[in-house]
Each structure stands twice: as C-alpha cells, then as structure tokens.
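Trainee: Have a look at the structure that comes next, please.
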Amino acid sequence: ASGADVYVEDNDGNVVVRVTNPTGAAVTITLVSTASLAGHTVGGKTISVPSGGGERWLKPLPPAVYNNDVGDAHITDPSGQLVFVGLRF
C-alpha cells in the first residue's frame, strides 16, 4: 500500500488525535516538525501504532513545533490504512 499524508487542519494546539490501526502489522507514523532552534531543524517525532485494532492517542500538537505555513499539523502514515480521528476541546 502507498503512504498517506494526514493533516490536523487549523491546528490551534487544542486537538487530540486518536489513531487506530486495523492492519495486521504495527505501523510507525511521523509527526512532521517545522520548527527550528538556533538555525537547526527540530526533528519530527515517530510513534508506533500496534496492529489488530491497536490505538494511540496523540496529545495536543504545539503549533509552534508542528504547524506548516497554512496552520495545519502534518502526520505521515506510510501504510495509508490507519484511521485518524481529531477531537477539538
């Protein structure tokens, strides 16, 4: 399967994301960072989502670290099969 890019639109730091994996293998997602510190790019964060209906909850994503130039946080799903649900609070 090809990968997928997922975006938390208009991320204001008040969104949690539930990620569910219906596949038979664990999948590692990446929270893409757009931040830099003293001229050095801050690396993204990787999270493994367990197989067989396994879930991970992503805590709110700080906009200064994860938002792109249009205000969305970017998550990569190399499987293209995970289910993402964002909940704004």
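Following the order of the structure tokens, first chain is A, next is B, and so on, with residues numbered from 1 inside each chain and ligands from 1 in the order they appear.
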Skipping near chain neighbours, those fewer than 6 positions away, what residues fall within 7 Å of A:Val27 using only C-alpha atoms, listed as a list of chain:residue names?
Mentor: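 The contact residues come out as A:Ser48, A:Val49, A:Pro50, A:Ser79.
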Trainee: Using only all heavy atoms, please write the residues we just selected to a file, as an mmCIF file, in the first residue's frame.
Mentor:
data_model
loop_
_atom_site.group_PDB
_atom_site.id
_atom_site.type_symbol
_atom_site.label_atom_id
_atom_site.label_comp_id
_atom_site.auth_asym_id
_atom_site.auth_seq_id
_atom_site.Cartn_x
_atom_site.Cartn_y
_atom_site.Cartn_z
ATOM 1 N N SER A 48 4.817 4.402 17.182
ATOM 2 C CA SER A 48 4.375 3.103 16.666
ATOM 3 C C SER A 48 2.933 2.844 17.097
ATOM 4 O O SER A 48 2.596 2.963 18.275
ATOM 5 C CB SER A 48 5.286 1.990 17.191
ATOM 6 O OG SER A 48 4.865 0.745 16.680
ATOM 7 N N VAL A 49 2.104 2.490 16.113
ATOM 8 C CA VAL A 49 0.703 2.158 16.384
ATOM 9 C C VAL A 49 0.570 0.644 16.256
ATOM 10 O O VAL A 49 0.822 0.089 15.192
ATOM 11 C CB VAL A 49 -0.242 2.884 15.396
ATOM 12 C CG1 VAL A 49 -1.699 2.601 15.748
ATOM 13 C CG2 VAL A 49 0.026 4.382 15.384
ATOM 14 N N PRO A 50 0.191 -0.066 17.343
ATOM 15 C CA PRO A 50 0.143 -1.524 17.315
ATOM 16 C C PRO A 50 -0.918 -2.068 16.351
ATOM 17 O O PRO A 50 -1.901 -1.392 16.046
ATOM 18 C CB PRO A 50 -0.191 -1.921 18.760
ATOM 19 C CG PRO A 50 -0.495 -0.682 19.504
ATOM 20 C CD PRO A 50 -0.180 0.480 18.652
ATOM 21 N N SER A 79 1.539 3.404 5.732
ATOM 22 C CA SER A 79 0.667 2.310 5.263
ATOM 23 C C SER A 79 -0.502 2.836 4.442
ATOM 24 O O SER A 79 -1.052 2.130 3.604
ATOM 25 C CB SER A 79 0.107 1.519 6.457
ATOM 26 O OG SER A 79 -0.906 2.258 7.128
#
Trainee: Fewer than 2 positions away in the same chain doesn't count, so skip those; otherwise give me all residues within 9 Å of A:Leu58, counting only C-alpha atoms, as a VMD selection string.
Mentor: chain A and resid 15 to 19 56 60 to 61
Trainee: What does the structure give for the distance between atom CA of A:Val65 and atom CA of A:Gly3, in Å to one decimal?
Mentor: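 Here the two named atoms are 22.8 Å from each other.
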Trainee: For the structure I just gave you, how does DSSP split chain A - specifically, which residues are alpha helix (DSSP H)? Reply as a ChimeraX atom specification.
Mentor: /A:63-66
Trainee: With distances taken over only C-alpha atoms, which residue among A:Tyr66, A:Phe84, A:Phe89, A:Tyr7 lies nearest A:Ser36?
Mentor: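 Among the listed residues, A:Tyr66 lies closest to A:Ser36.
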Trainee: Report, in Å with one decimal, the straight-line distance from atom CA of A:Gly54 to atom CA of A:Val8.
Mentor: 20.6 Å
Trainee: Residues near A:Gly43, anyone? I mean within 10 Å using only C-alpha atoms, not counting same-chain ones fewer than 4 positions away, as a list in words.
Mentor: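 In the requested form, the answer reads Thr30, Leu31, Val32, Ser33, Thr34, Ala35, Ser36 and Val65 of chain A.
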Trainee: Could you please take those selected residues and save C-alpha atoms as a compact mmCIF listing (two decimals), in the first residue's frame?
Mentor:
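Written output follows (again-v8.txt):
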# COMPACT_ATOMS: atom_id res chain seq x y z
CA THR A 30 5.71 10.54 11.96
CA LEU A 31 4.64 13.90 13.37
CA VAL A 32 6.40 16.26 10.99
CA SER A 33 8.12 19.19 12.71
CA THR A 34 8.51 22.56 11.03
CA ALA A 35 10.37 24.18 13.92
CA SER A 36 13.97 25.25 14.13
CA VAL A 65 6.52 22.94 16.57
Trainee: Report as a ChimeraX atom specification: the residues of chain A with a DSSP assignment of strand (DSSP E or B), based on the backbone of this structure.
Mentor: /A:4-8,15-21,27-32,36-37,40-41,45-49,54-58,67,73-77,83-88
Trainee: Generate a file of the selected residues that holds C-alpha atoms, formatted as a PDB file, in the first residue's frame.
Mentor:
ATOM      1  CA  ALA A   4      -0.710   8.870   3.103  1.00  0.00           C
ATOM      2  CA  ASP A   5      -0.322  12.385   4.432  1.00  0.00           C
ATOM      3  CA  VAL A   6      -2.791  13.378   7.140  1.00  0.00           C
ATOM      4  CA  TYR A   7      -3.320  16.960   8.287  1.00  0.00           C
ATOM      5  CA  VAL A   8      -4.786  18.355  11.513  1.00  0.00           C
ATOM      6  CA  VAL A  15      -6.814  18.979  19.252  1.00  0.00           C
ATOM      7  CA  VAL A  16      -6.114  15.409  20.312  1.00  0.00           C
ATOM      8  CA  VAL A  17      -5.935  12.699  17.664  1.00  0.00           C
ATOM      9  CA  ARG A  18      -6.910   9.043  18.029  1.00  0.00           C
ATOM     10  CA  VAL A  19      -5.048   6.773  15.627  1.00  0.00           C
ATOM     11  CA  THR A  20      -6.377   3.243  15.055  1.00  0.00           C
ATOM     12  CA  ASN A  21      -4.531   0.523  13.157  1.00  0.00           C
ATOM     13  CA  VAL A  27       2.796   0.985  11.689  1.00  0.00           C
ATOM     14  CA  THR A  28       5.119   3.833  12.620  1.00  0.00           C
ATOM     15  CA  ILE A  29       3.731   7.305  11.968  1.00  0.00           C
ATOM     16  CA  THR A  30       5.709  10.545  11.957  1.00  0.00           C
ATOM     17  CA  LEU A  31       4.640  13.896  13.365  1.00  0.00           C
ATOM     18  CA  VAL A  32       6.403  16.264  10.986  1.00  0.00           C
ATOM     19  CA  SER A  36      13.967  25.251  14.133  1.00  0.00           C
ATOM     20  CA  LEU A  37      16.119  26.211  17.079  1.00  0.00           C
ATOM     21  CA  HIS A  40      18.816  23.866  13.282  1.00  0.00           C
ATOM     22  CA  THR A  41      15.704  21.959  12.232  1.00  0.00           C
ATOM     23  CA  LYS A  45       8.513  12.519  16.337  1.00  0.00           C
ATOM     24  CA  THR A  46       7.815   8.871  15.467  1.00  0.00           C
ATOM     25  CA  ILE A  47       5.114   6.804  17.150  1.00  0.00           C
ATOM     26  CA  SER A  48       4.375   3.103  16.666  1.00  0.00           C
ATOM     27  CA  VAL A  49       0.703   2.158  16.384  1.00  0.00           C
ATOM     28  CA  GLY A  54      -4.386  -1.049  18.332  1.00  0.00           C
ATOM     29  CA  GLU A  55      -4.735   2.625  19.205  1.00  0.00           C
ATOM     30  CA  ARG A  56      -2.561   5.561  20.090  1.00  0.00           C
ATOM     31  CA  TRP A  57      -3.806   8.914  21.347  1.00  0.00           C
ATOM     32  CA  LEU A  58      -1.732  11.892  20.267  1.00  0.00           C
ATOM     33  CA  ASN A  67       2.185  23.643  12.100  1.00  0.00           C
ATOM     34  CA  ALA A  73      -0.073  19.906  11.582  1.00  0.00           C
ATOM     35  CA  HIS A  74       1.265  17.165   9.269  1.00  0.00           C
ATOM     36  CA  ILE A  75       1.325  13.432  10.099  1.00  0.00           C
ATOM     37  CA  THR A  76       2.658  10.757   7.756  1.00  0.00           C
ATOM     38  CA  ASP A  77       1.126   7.256   7.589  1.00  0.00           C
ATOM     39  CA  VAL A  83      -7.792   5.671  10.828  1.00  0.00           C
ATOM     40  CA  PHE A  84      -7.334   9.191  12.257  1.00  0.00           C
ATOM     41  CA  VAL A  85      -9.998  10.993  14.326  1.00  0.00           C
ATOM     42  CA  GLY A  86      -9.323  14.502  15.618  1.00  0.00           C
ATOM     43  CA  LEU A  87     -11.169  15.821  18.664  1.00  0.00           C
ATOM     44  CA  ARG A  88     -11.077  19.535  19.409  1.00  0.00           C
TER      45      ARG A  88
END
